[in-house]
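Colleague: Data: coords16.pdb, PDB, C-alpha atoms.
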ATOM      1  CA  MET H   1       3.010 -11.548 -19.123
ATOM      2  CA  ILE H   2       4.876  -8.309 -19.836
ATOM      3  CA  ASN H   3       8.497  -8.350 -20.985
ATOM      4  CA  LEU H   4      10.121  -4.939 -20.852
ATOM      5  CA  THR H   5      13.039  -6.017 -23.011
ATOM      6  CA  LYS H   6      10.630  -5.251 -25.856
ATOM      7  CA  ILE H   7      10.277  -1.490 -25.755
ATOM      8  CA  ASN H   8       7.826  -1.320 -28.705
ATOM      9  CA  LEU H   9       4.776  -1.985 -26.543
ATOM     10  CA  LYS H  10       1.235  -1.474 -27.732
ATOM     11  CA  LYS H  11      -1.012   1.112 -26.138
ATOM     12  CA  GLY H  12      -3.074  -1.491 -24.299
ATOM     13  CA  ILE H  13       0.044  -3.010 -22.748
ATOM     14  CA  ILE H  14       1.219   0.415 -21.629
ATOM     15  CA  CYS H  15      -2.079   0.991 -19.849
ATOM     16  CA  LEU H  16      -1.759  -2.393 -18.171
ATOM     17  CA  ILE H  17       1.691  -1.521 -16.815
ATOM     18  CA  LEU H  18       0.398   1.809 -15.549
ATOM     19  CA  LEU H  19      -2.250  -0.037 -13.578
ATOM     20  CA  ALA H  20       0.416  -2.373 -12.233
ATOM     21  CA  ILE H  21       2.544   0.519 -10.996
ATOM     22  CA  ASN H  22      -0.355   1.999  -9.093
ATOM     23  CA  ASN H  23      -2.177  -1.214  -8.242
ATOM     24  CA  TYR H  24      -2.435  -0.569  -4.533
ATOM     25  CA  SER H  25      -3.355   3.091  -4.509
ATOM     26  CA  PHE H  26      -6.213   4.854  -6.304
ATOM     27  CA  SER H  27      -9.558   3.366  -7.194
ATOM     28  CA  GLN H  28     -13.293   3.808  -7.209
ATOM     29  CA  ASN H  29     -13.304   1.080  -4.607
ATOM     30  CA  GLN H  30     -16.155  -1.431  -4.774
ATOM     31  CA  ASN H  31     -15.569  -2.181  -1.093
ATOM     32  CA  ILE H  32     -16.479   1.408  -0.182
ATOM     33  CA  THR H  33     -20.072   2.417  -0.889
ATOM     34  CA  ILE H  34     -22.306   5.432  -0.266
ATOM     35  CA  ASN H  35     -25.877   5.213   1.053
ATOM     36  CA  ARG H  36     -28.406   7.801   2.206
ATOM     37  CA  THR H  37     -30.690   8.320   5.194
ATOM     38  CA  LEU H  38     -33.782  10.552   5.014
ATOM     39  CA  ASN H  39     -34.319  12.567   8.220
ATOM     40  CA  LYS H  40     -37.533  13.924   9.753
ATOM     41  CA  ASP H  41     -36.509  17.512   8.960
ATOM     42  CA  LYS H  42     -36.405  16.554   5.232
ATOM     43  CA  SER H  43     -32.612  16.659   5.179
ATOM     44  CA  VAL H  44     -30.551  13.757   3.835
ATOM     45  CA  ASN H  45     -27.456  12.152   5.332
ATOM     46  CA  LEU H  46     -24.907  10.653   2.949
ATOM     47  CA  ASN H  47     -23.103   7.829   4.731
ATOM     48  CA  TYR H  48     -20.286   5.467   3.812
ATOM     49  CA  GLU H  49     -19.799   1.764   4.389
ATOM     50  CA  LYS H  50     -16.301   0.258   4.201
ATOM     51  CA  LYS H  51     -15.817  -3.505   4.020
ATOM     52  CA  ILE H  52     -12.017  -3.423   4.174
ATOM     53  CA  PRO H  53      -9.517  -2.380   6.865
ATOM     54  CA  GLY H  54      -7.219   0.621   6.627
ATOM     55  CA  SER H  55      -7.379   4.373   6.153
ATOM     56  CA  TYR H  56      -8.818   5.871   2.959
ATOM     57  CA  TYR H  57      -8.976   9.468   1.794
ATOM     58  CA  LEU H  58     -12.416  10.066   0.269
ATOM     59  CA  PHE H  59     -13.457  12.872  -2.080
ATOM     60  CA  LEU H  60     -17.194  13.315  -2.734
ATOM     61  CA  GLU H  61     -18.964  16.144  -4.563
ATOM     62  CA  LEU H  62     -22.594  16.935  -5.389
ATOM     63  CA  SER H  63     -23.825  18.093  -8.797
ATOM     64  CA  ASP H  64     -27.161  18.685 -10.579
ATOM     65  CA  VAL H  65     -28.546  19.943  -7.270
ATOM     66  CA  LYS H  66     -32.171  20.977  -6.762
ATOM     67  CA  ASN H  67     -33.448  22.705  -3.638
ATOM     68  CA  CYS H  68     -30.081  22.349  -1.869
ATOM     69  CA  TYR H  69     -26.560  23.742  -2.069
ATOM     70  CA  THR H  70     -23.641  22.092  -3.845
ATOM     71  CA  GLU H  71     -21.391  20.479  -1.265
ATOM     72  CA  VAL H  72     -18.055  18.689  -1.170
ATOM     73  CA  TYR H  73     -16.617  16.208   1.314
ATOM     74  CA  ARG H  74     -12.873  15.631   1.663
ATOM     75  CA  GLY H  75     -11.623  13.532   4.537
ATOM     76  CA  VAL H  76     -10.174  10.298   5.868
ATOM     77  CA  ILE H  77     -12.425   7.368   6.678
ATOM     78  CA  THR H  78     -11.152   4.604   8.951
ATOM     79  CA  GLY H  79     -14.148   2.829  10.509
ATOM     80  CA  ARG H  80     -16.618   0.410   8.986
ATOM     81  CA  SER H  81     -19.258   3.104   8.542
ATOM     82  CA  GLY H  82     -19.957   6.774   9.222
ATOM     83  CA  LYS H  83     -21.651   9.988   8.113
ATOM     84  CA  LEU H  84     -20.124  12.167   5.391
ATOM     85  CA  LEU H  85     -22.615  14.955   4.627
ATOM     86  CA  ASN H  86     -25.932  16.326   5.847
ATOM     87  CA  ILE H  87     -27.804  17.889   2.903
ATOM     88  CA  LYS H  88     -30.504  20.337   3.964
ATOM     89  CA  PRO H  89     -33.350  21.575   1.741
ATOM     90  CA  ILE H  90     -33.567  25.277   0.940
ATOM     91  CA  ASP H  91     -37.367  24.973   0.946
ATOM     92  CA  VAL H  92     -38.554  22.316   3.405
ATOM     93  CA  MET H  93     -41.821  22.010   1.442
ATOM     94  CA  GLN H  94     -39.978  20.790  -1.648
ATOM     95  CA  PRO H  95     -37.942  17.616  -2.220
ATOM     96  CA  ILE H  96     -34.162  17.619  -2.595
ATOM     97  CA  GLY H  97     -32.551  16.558  -5.856
ATOM     98  CA  TYR H  98     -28.882  15.850  -6.531
ATOM     99  CA  SER H  99     -26.354  13.488  -8.043
ATOM    100  CA  TYR H 100     -22.914  12.722  -6.653
ATOM    101  CA  LYS H 101     -19.589  11.153  -7.513
ATOM    102  CA  PHE H 102     -16.812  10.021  -5.219
ATOM    103  CA  ASN H 103     -13.296   8.611  -5.372
ATOM    104  CA  THR H 104     -11.086   7.030  -2.746
ATOM    105  CA  ILE H 105      -7.379   6.487  -2.324
ATOM    106  CA  MET H 106      -5.571   4.451   0.289
ATOM    107  CA  GLY H 107      -3.846   6.484   2.993
ATOM    108  CA  VAL H 108      -3.849   9.542   5.250
ATOM    109  CA  PRO H 109      -2.741  12.698   3.382
ATOM    110  CA  ASP H 110       0.684  13.990   4.438
ATOM    111  CA  PRO H 111       0.876  12.140   7.768
ATOM    112  CA  LYS H 112       3.455  13.022  10.424
ATOM    113  CA  VAL H 113       6.029  10.428   9.433
ATOM    114  CA  ASP H 114       8.693   9.337  11.904
ATOM    115  CA  SER H 115      11.794   9.548   9.696
ATOM    116  CA  LEU H 116      13.997   8.174  12.508
ATOM    117  CA  PHE H 117      11.940   5.025  13.050
ATOM    118  CA  GLN H 118      13.905   1.774  13.407
ATOM    119  CA  TYR H 119      12.772  -0.890  10.938
ATOM    120  CA  VAL H 120      13.943  -4.490  10.763
ATOM    121  CA  LEU H 121      14.953  -6.072   7.471
ATOM    122  CA  PRO H 122      12.256  -8.333   5.952
ATOM    123  CA  PHE H 123      14.194 -11.582   6.200
ATOM    124  CA  LYS H 124      15.296 -13.946   8.941
ATOM    125  CA  THR H 125      17.442 -12.610  11.781
ATOM    126  CA  GLY H 126      21.095 -13.539  11.266
ATOM    127  CA  LYS H 127      20.717 -14.061   7.500
ATOM    128  CA  LYS H 128      23.051 -12.073   5.224
ATOM    129  CA  VAL H 129      21.538 -10.854   1.948
ATOM    130  CA  LYS H 130      22.630  -8.511  -0.848
ATOM    131  CA  ILE H 131      20.052  -5.772  -1.446
ATOM    132  CA  TYR H 132      19.595  -3.744  -4.625
ATOM    133  CA  GLU H 133      17.754  -0.495  -5.254
ATOM    134  CA  ALA H 134      15.024  -0.975  -7.859
ATOM    135  CA  GLY H 135      14.655   1.375 -10.806
ATOM    136  CA  ASN H 136      11.327   3.008 -11.640
ATOM    137  CA  ILE H 137       9.652   1.354 -14.636
ATOM    138  CA  GLY H 138       7.756   4.398 -15.866
ATOM    139  CA  GLU H 139      10.818   6.644 -15.771
ATOM    140  CA  LYS H 140      13.178   4.062 -17.261
ATOM    141  CA  TYR H 141      11.112   2.971 -20.233
ATOM    142  CA  PHE H 142       8.477   5.643 -20.886
ATOM    143  CA  GLY H 143       9.862   9.002 -19.743
ATOM    144  CA  ALA H 144       7.353   9.305 -16.890
ATOM    145  CA  GLU H 145       8.004  11.399 -13.805
ATOM    146  CA  LYS H 146       9.602   9.338 -11.052
ATOM    147  CA  PRO H 147       7.638   9.331  -7.764
ATOM    148  CA  GLN H 148       8.988  11.739  -5.162
ATOM    149  CA  ASN H 149      11.902  10.327  -3.166
ATOM    150  CA  TRP H 150      11.493   7.050  -5.082
ATOM    151  CA  LYS H 151      13.009   4.207  -3.090
ATOM    152  CA  SER H 152      12.250   0.543  -3.623
ATOM    153  CA  TYR H 153      14.439  -2.456  -2.863
ATOM    154  CA  VAL H 154      14.997  -5.858  -4.469
ATOM    155  CA  ILE H 155      16.367  -9.060  -2.981
ATOM    156  CA  ASN H 156      17.285 -12.060  -5.133
ATOM    157  CA  PHE H 157      17.160 -15.263  -3.095
ATOM    158  CA  GLU H 158      18.419 -18.689  -4.190
ATOM    159  CA  SER H 159      15.544 -20.534  -2.516
ATOM    160  CA  ALA H 160      11.985 -19.941  -1.306
ATOM    161  CA  ASP H 161      12.948 -17.990   1.819
ATOM    162  CA  THR H 162      10.448 -16.674   4.345
ATOM    163  CA  ILE H 163       9.623 -12.965   4.348
ATOM    164  CA  PHE H 164       9.007 -11.180   7.662
ATOM    165  CA  SER H 165       7.315  -7.889   8.537
ATOM    166  CA  MET H 166       9.516  -4.836   9.112
ATOM    167  CA  ARG H 167       7.294  -3.057  11.627
ATOM    168  CA  LYS H 168       4.060  -3.312  13.596
ATOM    169  CA  GLY H 169       0.997  -2.595  11.472
ATOM    170  CA  ILE H 170      -2.342  -3.772  10.121
ATOM    171  CA  VAL H 171      -2.665  -5.864   6.973
ATOM    172  CA  VAL H 172      -4.847  -3.734   4.683
ATOM    173  CA  LYS H 173      -4.494  -5.521   1.344
ATOM    174  CA  ILE H 174      -3.590  -9.018   0.151
ATOM    175  CA  ILE H 175      -3.339 -10.188  -3.442
ATOM    176  CA  ASN H 176      -3.004 -13.975  -3.656
ATOM    177  CA  GLU H 177      -4.102 -14.994  -7.143
ATOM    178  CA  TYR H 178      -1.068 -15.355  -9.402
ATOM    179  CA  ASN H 179       0.765 -18.568 -10.171
ATOM    180  CA  ASP H 180       3.260 -17.121 -12.626
ATOM    181  CA  ASP H 181       5.267 -19.355 -14.978
ATOM    182  CA  PRO H 182       8.941 -19.020 -13.904
ATOM    183  CA  SER H 183      10.206 -20.758 -17.056
ATOM    184  CA  ILE H 184       9.452 -17.606 -19.103
ATOM    185  CA  LYS H 185      12.435 -15.262 -18.898
ATOM    186  CA  LYS H 186      11.351 -11.707 -18.025
ATOM    187  CA  ASN H 187      12.539  -8.405 -16.576
ATOM    188  CA  TYR H 188       9.145  -7.410 -15.202
ATOM    189  CA  THR H 189       5.688  -8.839 -14.666
ATOM    190  CA  ASN H 190       2.584  -7.384 -13.037
ATOM    191  CA  LYS H 191       1.411 -10.876 -12.052
ATOM    192  CA  ARG H 192       2.831 -10.950  -8.527
ATOM    193  CA  ASN H 193       1.226 -11.616  -5.180
ATOM    194  CA  TYR H 194       1.711  -8.949  -2.519
ATOM    195  CA  ILE H 195       0.798  -7.637   0.932
ATOM    196  CA  ILE H 196       0.240  -4.023   2.024
ATOM    197  CA  ILE H 197       0.621  -3.165   5.716
ATOM    198  CA  GLU H 198      -0.416   0.196   7.191
ATOM    199  CA  HIS H 199       1.651   1.584  10.073
ATOM    200  CA  GLU H 200       0.583   3.797  12.961
ATOM    201  CA  ASP H 201       2.270   6.920  11.540
ATOM    202  CA  GLY H 202       0.387   6.677   8.228
ATOM    203  CA  THR H 203       3.103   5.004   6.185
ATOM    204  CA  PHE H 204       2.626   1.777   4.243
ATOM    205  CA  ALA H 205       4.948  -1.130   3.577
ATOM    206  CA  ALA H 206       4.562  -3.029   0.314
ATOM    207  CA  TYR H 207       5.865  -6.612   0.243
ATOM    208  CA  LYS H 208       5.753  -7.985  -3.287
ATOM    209  CA  GLY H 209       6.631 -11.417  -4.658
ATOM    210  CA  PHE H 210       4.952 -14.259  -2.719
ATOM    211  CA  GLN H 211       4.297 -17.796  -3.853
ATOM    212  CA  ILE H 212       0.599 -18.363  -4.308
ATOM    213  CA  ASN H 213      -1.143 -19.774  -1.224
ATOM    214  CA  THR H 214       1.899 -19.304   1.052
ATOM    215  CA  ILE H 215       0.817 -16.010   2.635
ATOM    216  CA  LYS H 216       0.493 -16.596   6.379
ATOM    217  CA  VAL H 217      -1.390 -13.445   7.474
ATOM    218  CA  LYS H 218      -5.003 -12.369   7.057
ATOM    219  CA  LEU H 219      -6.688  -9.126   6.077
ATOM    220  CA  GLY H 220      -7.119  -6.904   9.143
ATOM    221  CA  GLN H 221      -4.535  -8.802  11.190
ATOM    222  CA  THR H 222      -2.071  -6.886  13.382
ATOM    223  CA  VAL H 223       1.505  -7.919  12.680
ATOM    224  CA  TYR H 224       4.700  -7.152  14.581
ATOM    225  CA  PRO H 225       8.383  -6.877  13.653
ATOM    226  CA  GLN H 226       9.517 -10.307  12.416
ATOM    227  CA  THR H 227       6.001 -11.734  11.977
ATOM    228  CA  GLN H 228       6.152 -14.338   9.209
ATOM    229  CA  LEU H 229       4.345 -13.135   6.070
ATOM    230  CA  GLY H 230       4.954 -15.837   3.433
ATOM    231  CA  LEU H 231       7.389 -17.468   1.021
ATOM    232  CA  VAL H 232       9.156 -15.820  -1.934
ATOM    233  CA  HIS H 233       8.097 -17.041  -5.379
ATOM    234  CA  LEU H 234      10.377 -18.325  -8.138
ATOM    235  CA  PHE H 235      10.652 -15.364 -10.505
ATOM    236  CA  ASP H 236      13.032 -16.813 -13.114
ATOM    237  CA  LYS H 237      13.647 -20.569 -13.245
ATOM    238  CA  THR H 238      16.529 -20.304 -15.732
ATOM    239  CA  ALA H 239      18.512 -18.165 -13.278
ATOM    240  CA  ASN H 240      17.142 -19.852 -10.135
ATOM    241  CA  ASN H 241      16.032 -16.395  -9.022
ATOM    242  CA  TYR H 242      13.510 -15.976  -6.208
ATOM    243  CA  ARG H 243      12.840 -12.238  -6.407
ATOM    244  CA  PHE H 244      11.289 -10.088  -3.713
ATOM    245  CA  ASP H 245      10.552  -6.316  -3.725
ATOM    246  CA  PHE H 246       9.712  -4.042  -0.802
ATOM    247  CA  SER H 247       9.178  -0.323  -0.198
ATOM    248  CA  ILE H 248       7.786   2.143   2.357
ATOM    249  CA  TYR H 249       5.688   5.133   1.316
ATOM    250  CA  TYR H 250       2.839   7.503   2.279
ATOM    251  CA  LEU H 251       0.057   9.470   0.602
ATOM    252  CA  SER H 252       1.063  12.976  -0.482
ATOM    253  CA  ASN H 253      -0.131  14.096  -3.928
ATOM    254  CA  TYR H 254      -3.857  13.575  -3.348
ATOM    255  CA  GLU H 255      -5.552  16.809  -4.432
ATOM    256  CA  ASN H 256      -6.331  15.606  -7.975
ATOM    257  CA  ILE H 257      -7.959  12.267  -7.192
ATOM    258  CA  GLY H 258     -11.317  13.617  -8.340
ATOM    259  CA  ASN H 259     -10.035  14.361 -11.839
ATOM    260  CA  SER H 260     -11.217  11.686 -14.257
ATOM    261  CA  GLY H 261      -9.119  12.774 -17.247
ATOM    262  CA  LYS H 262      -6.912  10.220 -18.950
ATOM    263  CA  ARG H 263      -3.246  10.212 -18.010
ATOM    264  CA  THR H 264      -0.453   8.880 -20.189
ATOM    265  CA  PHE H 265       2.806   7.420 -18.940
ATOM    266  CA  LYS H 266       4.647  10.654 -19.692
ATOM    267  CA  ASP H 267       2.415  12.873 -17.538
ATOM    268  CA  TYR H 268       1.859  10.230 -14.842
ATOM    269  CA  THR H 269       2.476  11.520 -11.307
ATOM    270  CA  SER H 270       2.460   9.221  -8.305
ATOM    271  CA  TYR H 271       0.106   9.899  -5.413
ATOM    272  CA  TYR H 272       2.783   8.739  -2.973
ATOM    273  CA  LYS H 273       6.161   9.751  -1.568
ATOM    274  CA  TYR H 274       8.698   7.085  -0.698
ATOM    275  CA  LEU H 275      10.946   6.814   2.342
ATOM    276  CA  THR H 276      14.566   5.848   2.799
ATOM    277  CA  PRO H 277      14.120   3.857   6.019
ATOM    278  CA  ARG H 278      16.737   3.056   8.651
ATOM    279  CA  PHE H 279      17.174  -0.651   9.289
ATOM    280  CA  LEU H 280      18.632  -2.436  12.299
ATOM    281  CA  THR H 281      21.530  -4.642  11.157
ATOM    282  CA  THR H 282      24.350  -6.442  12.928
ATOM    283  CA  ASN H 283      26.410  -3.291  12.242
ATOM    284  CA  GLY H 284      23.799  -1.039  13.868
ATOM    285  CA  LEU H 285      21.210   1.274  12.344
ATOM    286  CA  THR H 286      21.818   2.069   8.696
ATOM    287  CA  THR H 287      20.216   3.050   5.412
ATOM    288  CA  VAL H 288      20.622   0.507   2.639
ATOM    289  CA  GLU H 289      23.144   1.060  -0.154
ATOM    290  CA  SER H 290      22.546  -0.790  -3.411
ATOM    291  CA  LYS H 291      24.563  -3.945  -4.124
ATOM    292  CA  LYS H 292      25.794  -4.285  -0.543
ATOM    293  CA  GLU H 293      25.214  -7.171   1.851
ATOM    294  CA  TYR H 294      23.375  -6.746   5.138
ATOM    295  CA  MET H 295      22.713  -9.130   7.999
ATOM    296  CA  ALA H 296      19.322  -8.772   9.673
ATOM    297  CA  SER H 297      19.304  -8.059  13.395
ATOM    298  CA  PHE H 298      16.517  -7.988  15.957
ATOM    299  CA  ASP H 299      16.157  -7.277  19.651
ATOM    300  CA  GLU H 300      13.330  -6.927  22.157
ATOM    301  CA  SER H 301      13.368  -3.110  22.092
ATOM    302  CA  ILE H 302      12.411  -3.172  18.390
ATOM    303  CA  LEU H 303       9.431  -5.383  19.177
ATOM    304  CA  LEU H 304       8.307  -3.274  22.134
ATOM    305  CA  GLN H 305       8.712   0.187  20.565
ATOM    306  CA  GLU H 306       5.129   0.357  19.200
ATOM    307  CA  MET H 307       3.345  -2.041  21.536
ATOM    308  CA  THR H 308       0.420  -0.769  23.591
ATOM    309  CA  ARG H 309       0.402  -1.238  27.368
ATOM    310  CA  SER H 310      -1.953  -4.225  27.087
ATOM    311  CA  GLU H 311       0.212  -5.807  24.376
ATOM    312  CA  LYS H 312       3.278  -5.455  26.586
ATOM    313  CA  LYS H 313       1.437  -7.237  29.421
ATOM    314  CA  LYS H 314       0.465 -10.061  27.064
ATOM    315  CA  TYR H 315       4.028 -10.246  25.784
ATOM    316  CA  ALA H 316       5.403 -10.522  29.321
ATOM    317  CA  LYS H 317       3.107 -13.496  29.964
ATOM    318  CA  ASP H 318       3.640 -15.251  26.629
ATOM    319  CA  PRO H 319       6.202 -13.863  24.127
ATOM    320  CA  ASN H 320       5.450 -16.643  21.621
ATOM    321  CA  GLN H 321       2.088 -15.153  20.619
ATOM    322  CA  PHE H 322       3.908 -12.194  19.027
ATOM    323  CA  ARG H 323       6.197 -14.292  16.822
TER     324      ARG H 323
END
For this file, produce the structure as structure tokens.

Modeller:
Amino acid sequence: MINLTKINLKKGIICLILLAINNYSFSQNQNITINRTLNKDKSVNLNYEKKIPGSYYLFLELSDVKNCYTEVYRGVITGRSGKLLNIKPIDVMQPIGYSYKFNTIMGVPDPKVDSLFQYVLPFKTGKKVKIYEAGNIGEKYFGAEKPQNWKSYVINFESADTIFSMRKGIVVKIINEYNDDPSIKKNYTNKRNYIIIEHEDGTFAAYKGFQINTIKVKLGQTVYPQTQLGLVHLFDKTANNYRFDFSIYYLSNYENIGNSGKRTFKDYTSYYKYLTPRFLTTNGLTTVESKKEYMASFDESILLQEMTRSEKKKYAKDPNQFR
């Protein structure tokens, strides 16, 4: 448990918080692996296998090469498997030698984001809730650079309300392992269950703060506006505070993912840019202002705006399967 009311944190704790800030972004992902295929012409194909859904930017480079040229691969991988590089020998009578390293990061670099897209608020239609803008932990406590266009929101519920999706997308990450003790008073903890959903335009929505074992969606599932995601967890028992955080962002600062140097909190730079989305409320489309109340609204046009032709046909026959 991390309590940020104590600013004199040890180095190990600081590192732990840094990981928490970036816990759904950059990694040498164990679910993405590289294998090779030897061809008849003595060339070698380097291929990837991906066990998880979603888009990943992959950076791979060769070193210690023998009888071949140094090569680099930079690109987005989306499928379960595919070819990255074809390494050809300079002398076909001699074997190829090389070593390689690779890194991955979730997302499509600088996607064409629809800044005018209409999102729905992540709680039940007709419910009125006060929404707060969340501060950035690294900037507030450690002098780190705030992510570009930083925008994250907090809702404090009085009961275990249901959280709903804000937009159609694919569930690309689920963390469901923390059963945090709400009797310990805290300002921040990294032990929170969350869901990441990737949207068609390359943005992601992060939904953070679910009770353990209440998440209703599965990895790889397509969700729609107002699909039930799960129940909010009790963050602070003494204040009867059920806290939930959400944000929308996309991959932008990706050029340095291959650098393995250590980064401190002060020189930390986020790989992502954040959006200020427009939400449909009972007062129309609006951007959220901190400490103001908003009532969630929903209509059929919001549901249909990203549906495919086949989904619309299915919806016309049975609307309930999209709820």

Colleague: Can you work out the spacing between atom CA of Thr287 of chain H and atom CA of Ala134 of chain H in Å, to one decimal?

Modeller: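 If I compute the distance from atom CA of Thr287 of chain H to atom CA of Ala134 of chain H, I get 14.8 Å.
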
Colleague: Which of these, H:Ser159, H:Leu303, H:Arg278, H:Thr222, has the shortest distance to Leu234 of chain H once you count all atoms listed in the file?

Modeller: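 Checking each of H:Ser159, H:Leu303, H:Arg278, H:Thr222 against Leu234 of chain H, counting all atoms listed in the file, the winner is H:Ser159.
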
Colleague: Considering all atoms listed in the file, state which residue in the set H:Tyr132, H:Tyr194, H:Trp150, H:Tyr271 is at the smallest distance from Asn256 of chain H.

Modeller: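 The answer is H:Tyr271, which sits nearest to Asn256 of chain H.
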
Colleague: Separation of atom CA of Lys40 of chain H and atom CA of Leu60 of chain H, in Å?

Modeller: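 Atom-to-atom, atom CA of Lys40 of chain H and atom CA of Leu60 of chain H are spaced 23.9 Å apart.
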
Colleague: Between atom CA of Ser297 of chain H and atom CA of Glu158 of chain H, what is the distance in Å, rounded to a tenth?

Modeller: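 Separation between atom CA of Ser297 of chain H and atom CA of Glu158 of chain H: 20.6 Å.
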
Colleague: With 6 Å as the threshold, what does the neighbourhood of (4.0, 9.2, 9.7) contain in terms of residues, counting all atoms listed in the file? Coordinates are those of the file; answer as a list of chain:residue names.

Modeller: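 Here is the list of nearby residues: H:Pro111, H:Lys112, H:Val113, H:Asp114, H:Asp201, H:Gly202, H:Thr203.
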
Colleague: So, counting only C-alpha atoms, which residue among H:Gln30, H:Leu38, H:Ile257, H:Val120 is closest to Glu300 of chain H?

Modeller: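 Between H:Gln30, H:Leu38, H:Ile257, H:Val120, the residue approaching Glu300 of chain H most closely is H:Val120.
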
Colleague: Mind checking which residues fall within 8 Å of Val171 of chain H, counting all atoms listed in the file, ignoring those fewer than 5 positions away in the same chain, and posting them as a list in words?

Modeller: Pro53, Gly54, Ile195, Ile196, Ile197, Glu198, Val217, Lys218, Leu219, Gly220, Gln221, Thr222 and Val223 of chain H

Colleague: For a quick check of understanding, using all atoms listed in the file, which of H:Tyr56, H:Phe210, H:Tyr272, H:Phe279 has the smallest distance to Leu229 of chain H?

Modeller: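 The shortest atom-to-atom distance to Leu229 of chain H comes from H:Phe210.
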
Colleague: Of the candidates H:Leu275, H:Met106, H:Ala296, H:Met307, which shows the shortest atom-to-atom distance to Ile248 of chain H, using only C-alpha atoms?

Modeller: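 Between H:Leu275, H:Met106, H:Ala296, H:Met307, the residue approaching Ile248 of chain H most closely is H:Leu275.
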
Colleague: Measuring atom to atom with all atoms listed in the file, identify which of H:Lys128, H:Val154, H:Leu280, H:Pro89 is nearest to Ser301 of chain H.

Modeller: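 Checking each of H:Lys128, H:Val154, H:Leu280, H:Pro89 against Ser301 of chain H, counting all atoms listed in the file, the winner is H:Leu280.
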
Colleague: Got a sec to resolve the PyMOL selection byres ((chain H and resi 100) around 8) on this structure and send the residues as a list of chain:residue names?

Modeller: H:Leu60, H:Glu61, H:Leu62, H:Ser63, H:Tyr98, H:Ser99, H:Lys101, H:Phe102

Colleague: Tell me, as a PDB file with C-alpha atoms, keeping the file's coordinate frame, which residues lie within 10 Å of Lys292 of chain H, counting only C-alpha atoms; anything in the same chain fewer than 6 positions away does not count.

Modeller:
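As a result, around-v1.pdb now contains:
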ATOM      1  CA  VAL H 129      21.538 -10.854   1.948  1.00  0.00           C
ATOM      2  CA  LYS H 130      22.630  -8.511  -0.848  1.00  0.00           C
ATOM      3  CA  ILE H 131      20.052  -5.772  -1.446  1.00  0.00           C
ATOM      4  CA  TYR H 132      19.595  -3.744  -4.625  1.00  0.00           C
TER       5      TYR H 132
END

Colleague: Excluding Glu311 of chain H and any residue of its chain fewer than 4 positions from it, enumerate the residues within 12 Å of it, using all atoms listed in the file, and give them as an MDAnalysis selection string.

Modeller: chainID H and resid 168 222:224 303:307 315:319 321:322

Colleague: Quick check on the file I pasted: which residues fall under the PyMOL selection byres ((chain H and resi 160) around 10)? Write them as a VMD selection string.

Modeller: chain H and resid 157 to 159 161 to 163 210 to 211 230 to 234 241 to 243

Colleague: Using only C-alpha atoms, determine which residues lie at most 8 Å from Asn149 of chain H, disregarding the query and same-chain residues fewer than 6 positions distant; provide the list as a PyMOL selection string.

Modeller: chain H and resi 273-276

Colleague: Please enclose the listed atoms of segment 102-118 of chain H in an axis-aligned box, pad each side by 8 Å, and write out the centre and the three edge lengths in Å, rounded to one decimal, as AutoDock Vina command-line options.

Modeller:
--center_x -1.4 --center_y 7.9 --center_z 4.0 --size_x 46.8 --size_y 28.2 --size_z 34.8

Colleague: Can you list, as a PDB file with C-alpha atoms, keeping the file's coordinate frame, the residues that the PyMOL selection byres ((chain H and resi 59) around 7) selects here?

Modeller:
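Everything below was put into expr-v6.pdb:
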ATOM      1  CA  TYR H  57      -8.976   9.468   1.794  1.00  0.00           C
ATOM      2  CA  LEU H  58     -12.416  10.066   0.269  1.00  0.00           C
ATOM      3  CA  LEU H  60     -17.194  13.315  -2.734  1.00  0.00           C
ATOM      4  CA  GLU H  61     -18.964  16.144  -4.563  1.00  0.00           C
ATOM      5  CA  TYR H  73     -16.617  16.208   1.314  1.00  0.00           C
ATOM      6  CA  ARG H  74     -12.873  15.631   1.663  1.00  0.00           C
ATOM      7  CA  GLY H  75     -11.623  13.532   4.537  1.00  0.00           C
ATOM      8  CA  PHE H 102     -16.812  10.021  -5.219  1.00  0.00           C
ATOM      9  CA  ASN H 103     -13.296   8.611  -5.372  1.00  0.00           C
ATOM     10  CA  THR H 104     -11.086   7.030  -2.746  1.00  0.00           C
ATOM     11  CA  GLY H 258     -11.317  13.617  -8.340  1.00  0.00           C
TER      12      GLY H 258
END
